[in-house]
file run_20.pdb (PDB, C-alpha atoms)
MODEL        1
ATOM      1  CA  MET A  20       0.000   0.000   0.000
ATOM      2  CA  ALA A  21       2.851   2.399   0.802
ATOM      3  CA  GLN A  22       4.347   1.893  -2.669
ATOM      4  CA  ASN A  23       0.968   2.555  -4.270
ATOM      5  CA  LEU A  24       0.531   5.769  -2.302
ATOM      6  CA  LEU A  25       4.025   6.952  -3.210
ATOM      7  CA  ILE A  26       3.555   6.208  -6.913
ATOM      8  CA  LEU A  27       0.017   7.524  -7.220
ATOM      9  CA  GLY A  28       0.821  10.565  -5.113
ATOM     10  CA  GLN A  29       3.601  11.480  -7.508
ATOM     11  CA  LEU A  30       1.720  10.546 -10.666
ATOM     12  CA  LEU A  31      -1.469  12.403  -9.726
ATOM     13  CA  ASP A  32       0.264  15.259  -7.871
ATOM     14  CA  ARG A  33      -1.367  14.366  -4.541
ATOM     15  CA  ASP A  34       1.096  15.469  -1.888
ATOM     16  CA  ALA A  35      -1.118  14.124   0.919
ATOM     17  CA  TRP A  36      -0.902  10.594  -0.521
ATOM     18  CA  THR A  37       2.872  10.856  -0.859
ATOM     19  CA  SER A  38       3.102  12.078   2.729
ATOM     20  CA  ILE A  39       1.011   9.157   4.012
ATOM     21  CA  GLY A  40       3.198   6.700   2.078
ATOM     22  CA  LYS A  41       6.369   8.246   3.514
ATOM     23  CA  ASN A  42       4.944   8.138   7.042
ATOM     24  CA  MET A  43       4.069   4.451   6.606
ATOM     25  CA  VAL A  44       7.591   3.647   5.439
ATOM     26  CA  ASN A  45       9.265   5.724   8.125
ATOM     27  CA  GLY A  46       7.261   3.856  10.758
ATOM     28  CA  MET A  47       8.722   0.594   9.464
ATOM     29  CA  GLU A  48      12.304   1.807   8.990
ATOM     30  CA  ASN A  49      13.855   0.002  11.982
ATOM     31  CA  LEU A  50      12.241  -3.287  10.987
ATOM     32  CA  ILE A  51      13.245  -2.826   7.330
ATOM     33  CA  LEU A  52      16.868  -2.327   8.335
ATOM     34  CA  SER A  53      16.964  -5.127  10.917
ATOM     35  CA  GLU A  54      15.067  -7.757   8.892
ATOM     36  CA  PRO A  55      15.787  -7.030   5.197
ATOM     37  CA  ASN A  56      15.227 -10.664   4.144
ATOM     38  CA  TYR A  57      11.590 -10.439   5.151
ATOM     39  CA  MET A  58      10.937  -6.820   4.287
ATOM     40  CA  ALA A  59      11.884  -6.604   0.586
ATOM     41  CA  ASN A  60       8.724  -4.787  -0.525
ATOM     42  CA  TRP A  61       8.994  -2.368   2.371
ATOM     43  CA  GLY A  62      12.643  -1.867   1.422
ATOM     44  CA  ILE A  63      11.630  -0.898  -2.100
ATOM     45  CA  ALA A  64       9.074   1.522  -0.670
ATOM     46  CA  TRP A  65      11.780   2.924   1.643
ATOM     47  CA  ILE A  66      14.029   3.610  -1.362
ATOM     48  CA  MET A  67      11.130   5.296  -3.161
ATOM     49  CA  ALA A  68      10.376   7.454  -0.131
ATOM     50  CA  ASN A  69      13.984   8.487   0.484
ATOM     51  CA  THR A  70      15.432   9.074  -2.982
ATOM     52  CA  SER A  71      14.516  11.330  -5.852
ATOM     53  CA  ILE A  72      12.184   9.496  -8.190
ATOM     54  CA  ALA A  73      12.571  10.399 -11.845
ATOM     55  CA  GLU A  74       9.367  11.061 -13.727
ATOM     56  CA  VAL A  75       9.922  10.068 -17.345
ATOM     57  CA  ALA A  76       7.202  11.241 -19.711
ATOM     58  CA  PHE A  77       6.846  10.081 -23.303
ATOM     59  CA  VAL A  78       4.706  12.349 -25.470
ATOM     60  CA  GLY A  79       3.841  11.754 -29.112
ATOM     61  CA  ALA A  80       2.823   9.139 -31.621
ATOM     62  CA  ARG A  81       5.706   6.773 -30.776
ATOM     63  CA  CYS A  82       5.331   7.084 -26.987
ATOM     64  CA  LEU A  83       4.572   3.398 -26.388
ATOM     65  CA  GLU A  84       7.460   2.223 -28.582
ATOM     66  CA  LEU A  85       9.963   4.507 -26.837
ATOM     67  CA  LYS A  86       8.599   3.701 -23.374
ATOM     68  CA  ASN A  87       8.994  -0.030 -24.081
ATOM     69  CA  GLU A  88      12.556   0.554 -25.272
ATOM     70  CA  PHE A  89      13.282   2.545 -22.090
ATOM     71  CA  ARG A  90      11.814  -0.173 -19.872
ATOM     72  CA  LYS A  91      14.040  -2.902 -21.336
ATOM     73  CA  GLN A  92      16.438  -1.852 -18.585
ATOM     74  CA  TYR A  93      15.524  -1.831 -14.916
ATOM     75  CA  HIS A  94      15.062   1.655 -13.459
ATOM     76  CA  PRO A  95      13.818   1.229  -9.886
ATOM     77  CA  THR A  96      13.707   4.960  -9.237
ATOM     78  CA  ALA A  97      11.915   5.996 -12.438
ATOM     79  CA  LEU A  98       8.188   6.419 -12.879
ATOM     80  CA  THR A  99       7.160   6.248 -16.535
ATOM     81  CA  MET A 100       4.078   7.683 -18.174
ATOM     82  CA  GLY A 101       3.061   8.671 -21.666
ATOM     83  CA  THR A 102       0.438   9.843 -24.084
ATOM     84  CA  ALA A 103       0.082   9.887 -27.832
ATOM     85  CA  THR A 104      -2.062  13.033 -27.769
ATOM     86  CA  THR A 105      -3.105  14.834 -24.572
ATOM     87  CA  SER A 106      -3.518  13.790 -20.963
ATOM     88  CA  THR A 107      -5.024  14.995 -17.716
ATOM     89  CA  LEU A 108      -2.047  13.740 -15.702
ATOM     90  CA  PRO A 109      -0.442  16.802 -14.103
ATOM     91  CA  LEU A 110       3.059  16.177 -15.470
ATOM     92  CA  LEU A 111       1.757  15.663 -19.019
ATOM     93  CA  GLN A 112      -0.487  18.711 -19.143
ATOM     94  CA  GLY A 113       0.698  21.319 -21.582
ATOM     95  CA  LYS A 114       3.169  18.984 -23.224
ATOM     96  CA  ALA A 115       2.490  18.279 -26.857
ATOM     97  CA  ALA A 116       4.698  16.786 -29.529
ATOM     98  CA  PRO A 117       2.884  17.269 -32.830
ATOM     99  CA  ASN A 118       5.866  16.431 -35.052
ATOM    100  CA  LYS A 119       8.240  14.270 -33.049
ATOM    101  CA  THR A 120       7.816  12.055 -29.996
ATOM    102  CA  THR A 121       9.482  13.800 -27.070
ATOM    103  CA  ILE A 122      10.860  12.422 -23.815
ATOM    104  CA  TYR A 123      10.865  14.526 -20.664
ATOM    105  CA  VAL A 124      13.002  13.488 -17.688
ATOM    106  CA  CYS A 125      11.753  15.308 -14.599
ATOM    107  CA  TYR A 126      12.594  15.411 -10.902
ATOM    108  CA  GLU A 127      10.224  16.909  -8.343
ATOM    109  CA  LYS A 128       7.991  18.352 -11.088
ATOM    110  CA  THR A 129      10.885  20.104 -12.838
ATOM    111  CA  CYS A 130      11.802  18.787 -16.274
ATOM    112  CA  LYS A 131      15.187  18.747 -17.910
ATOM    113  CA  GLN A 132      15.687  19.705 -21.552
ATOM    114  CA  PRO A 133      13.340  17.590 -23.724
ATOM    115  CA  VAL A 134      15.065  14.836 -25.719
ATOM    116  CA  TYR A 135      14.007  12.608 -28.603
ATOM    117  CA  THR A 136      15.885   9.354 -28.037
ATOM    118  CA  VAL A 137      15.919   6.832 -25.221
ATOM    119  CA  THR A 138      19.725   7.008 -25.172
ATOM    120  CA  ASP A 139      19.577  10.736 -24.400
ATOM    121  CA  ALA A 140      16.924  10.177 -21.711
ATOM    122  CA  LEU A 141      19.067   7.478 -20.083
ATOM    123  CA  GLN A 142      22.027   9.847 -20.118
ATOM    124  CA  GLN A 143      19.942  12.458 -18.273
ATOM    125  CA  LEU A 144      18.980   9.825 -15.694
ATOM    126  CA  GLN A 145      22.595   8.765 -15.160
ATOM    127  CA  THR A 146      23.779  12.364 -14.892
ATOM    128  CA  GLU A 147      21.225  13.073 -12.162
ATOM    129  CA  ALA A 148      22.017   9.816 -10.331
ATOM    130  CA  HIS A 149      25.668  10.782  -9.989
ATOM    131  CA  ARG A 150      24.968  14.146  -8.347
TER
ENDMDL
END
call {"tool": "encode", "arguments": {"input": "run_20.pdb", "output": "structure tokens"}}
result
Amino acid sequence: MAQNLLILGQLLDRDAWTSIGKNMVNGMENLILSEPNYMANWGIAWIMANTSIAEVAFVGARCLELKNEFRKQYHPTALTMGTATTSTLPLLQGKAAPNKTTIYVCYEKTCKQPVYTVTDALQQLQTEAHR
């Protein structure tokens, strides 16, 4: 449930949900650290609550193709979303790509320079991870 609250809170821009998810995880922190073999899902939620989660948005006609290419690698701290046209998701609002599918790599609702290839998006992720 904590993971769901953290993901949906970020995806739907519901700070209260994110806060509840973080409080749930923080309440379990001692147990997560002392019994990691039995607390794997809580451990994943702990990582999500205590690191910057990348929001990777794919916008345009080829959004599904590029998202699938991106997801061939494991990115535990990346939340992916996309739309071929328009969307009511907060991060996707106002983003249109009429001519070329665009990838936005964002952290805490602030997007980096838009890119057009998965390779460039992965480079933005790696650059941020090494800060």
call {"tool": "atom_distance", "arguments": {"input": "run_20.pdb", "atom1": "atom CA of A:Thr37", "atom2": "atom CA of A:Ala68"}}
result
8.3 Å
call {"tool": "residues_around", "arguments": {"input": "run_20.pdb", "residues": "A:Asn118", "least_positions_apart": "2", "cutoff": "8 Å", "atoms": "all atoms listed in the file", "output": "ChimeraX atom specification"}}
result
/A:79,116,120
call {"tool": "resolve_selection", "arguments": {"input": "run_20.pdb", "expression": "the PyMOL selection byres ((chain A and resi 75) around 6)", "output": "PyMOL selection string"}}
result
chain A and resi 74+76+99+123-124
call {"tool": "closest_residue", "arguments": {"input": "run_20.pdb", "among": "A:Thr136, A:Asn42, A:Ser106, A:Ser53", "to": "A:Glu88", "atoms": "all atoms listed in the file"}}
result
A:Thr136
call {"tool": "closest_residue", "arguments": {"input": "run_20.pdb", "among": "A:Met20, A:Leu111, A:Glu54, A:Trp65", "to": "A:Lys41", "atoms": "only C-alpha atoms"}}
result
A:Trp65
call {"tool": "resolve_selection", "arguments": {"input": "run_20.pdb", "expression": "the PyMOL selection byres ((chain A and resi 132-135) around 10)", "output": "list in words"}}
result
Ala76, Phe77, Val78, Leu85, Lys119, Thr120, Thr121, Ile122, Tyr123, Val124, Cys125, Thr129, Cys130, Lys131, Thr136, Val137, Thr138, Asp139, Ala140 and Gln143 of chain A
call {"tool": "atom_distance", "arguments": {"input": "run_20.pdb", "atom1": "atom CA of A:Ile39", "atom2": "atom CA of A:Gln22"}}
result
10.4 Å
call {"tool": "atom_distance", "arguments": {"input": "run_20.pdb", "atom1": "atom CA of A:Lys86", "atom2": "atom CA of A:Met100"}}
result
8.0 Å
call {"tool": "closest_residue", "arguments": {"input": "run_20.pdb", "among": "A:Leu27, A:Ala80, A:Ile51, A:Ala73", "to": "A:Pro117", "atoms": "only C-alpha atoms"}}
result
A:Ala80
call {"tool": "closest_residue", "arguments": {"input": "run_20.pdb", "among": "A:Leu141, A:Ala115, A:Val44, A:Glu127", "to": "A:Tyr93", "atoms": "only C-alpha atoms"}}
result
A:Leu141
call {"tool": "residues_near_point", "arguments": {"input": "run_20.pdb", "point": "(9.5, 6.4, -9.7)", "cutoff": "9 Å", "atoms": "all atoms listed in the file", "output": "ChimeraX atom specification"}}
result
/A:25-26,29-30,67,71-75,94-99
call {"tool": "write_last_selection", "arguments": {"input": "run_20.pdb", "atoms": "C-alpha atoms", "output": "PDB file, in the coordinates of the input"}}
result
ATOM      1  CA  LEU A  25       4.025   6.952  -3.210  1.00  0.00           C
ATOM      2  CA  ILE A  26       3.555   6.208  -6.913  1.00  0.00           C
ATOM      3  CA  GLN A  29       3.601  11.480  -7.508  1.00  0.00           C
ATOM      4  CA  LEU A  30       1.720  10.546 -10.666  1.00  0.00           C
ATOM      5  CA  MET A  67      11.130   5.296  -3.161  1.00  0.00           C
ATOM      6  CA  SER A  71      14.516  11.330  -5.852  1.00  0.00           C
ATOM      7  CA  ILE A  72      12.184   9.496  -8.190  1.00  0.00           C
ATOM      8  CA  ALA A  73      12.571  10.399 -11.845  1.00  0.00           C
ATOM      9  CA  GLU A  74       9.367  11.061 -13.727  1.00  0.00           C
ATOM     10  CA  VAL A  75       9.922  10.068 -17.345  1.00  0.00           C
ATOM     11  CA  HIS A  94      15.062   1.655 -13.459  1.00  0.00           C
ATOM     12  CA  PRO A  95      13.818   1.229  -9.886  1.00  0.00           C
ATOM     13  CA  THR A  96      13.707   4.960  -9.237  1.00  0.00           C
ATOM     14  CA  ALA A  97      11.915   5.996 -12.438  1.00  0.00           C
ATOM     15  CA  LEU A  98       8.188   6.419 -12.879  1.00  0.00           C
ATOM     16  CA  THR A  99       7.160   6.248 -16.535  1.00  0.00           C
TER      17      THR A  99
END
call {"tool": "closest_residue", "arguments": {"input": "run_20.pdb", "among": "A:Gln92, A:Asn23, A:Thr105, A:Gln142", "to": "A:Met43", "atoms": "only C-alpha atoms"}}
result
A:Asn23
call {"tool": "closest_residue", "arguments": {"input": "run_20.pdb", "among": "A:Leu24, A:Leu52, A:Ile66, A:Ala103", "to": "A:Glu84", "atoms": "only C-alpha atoms"}}
result
A:Ala103
call {"tool": "axis_aligned_box", "arguments": {"input": "run_20.pdb", "around": "stretch 135-147 of chain A", "padding_each_side": "3 Å", "output": "lines of an AutoDock Vina configuration file"}}
result
center_x = 18.9
center_y = 10.0
center_z = -20.4
size_x = 15.8
size_y = 12.2
size_z = 22.4
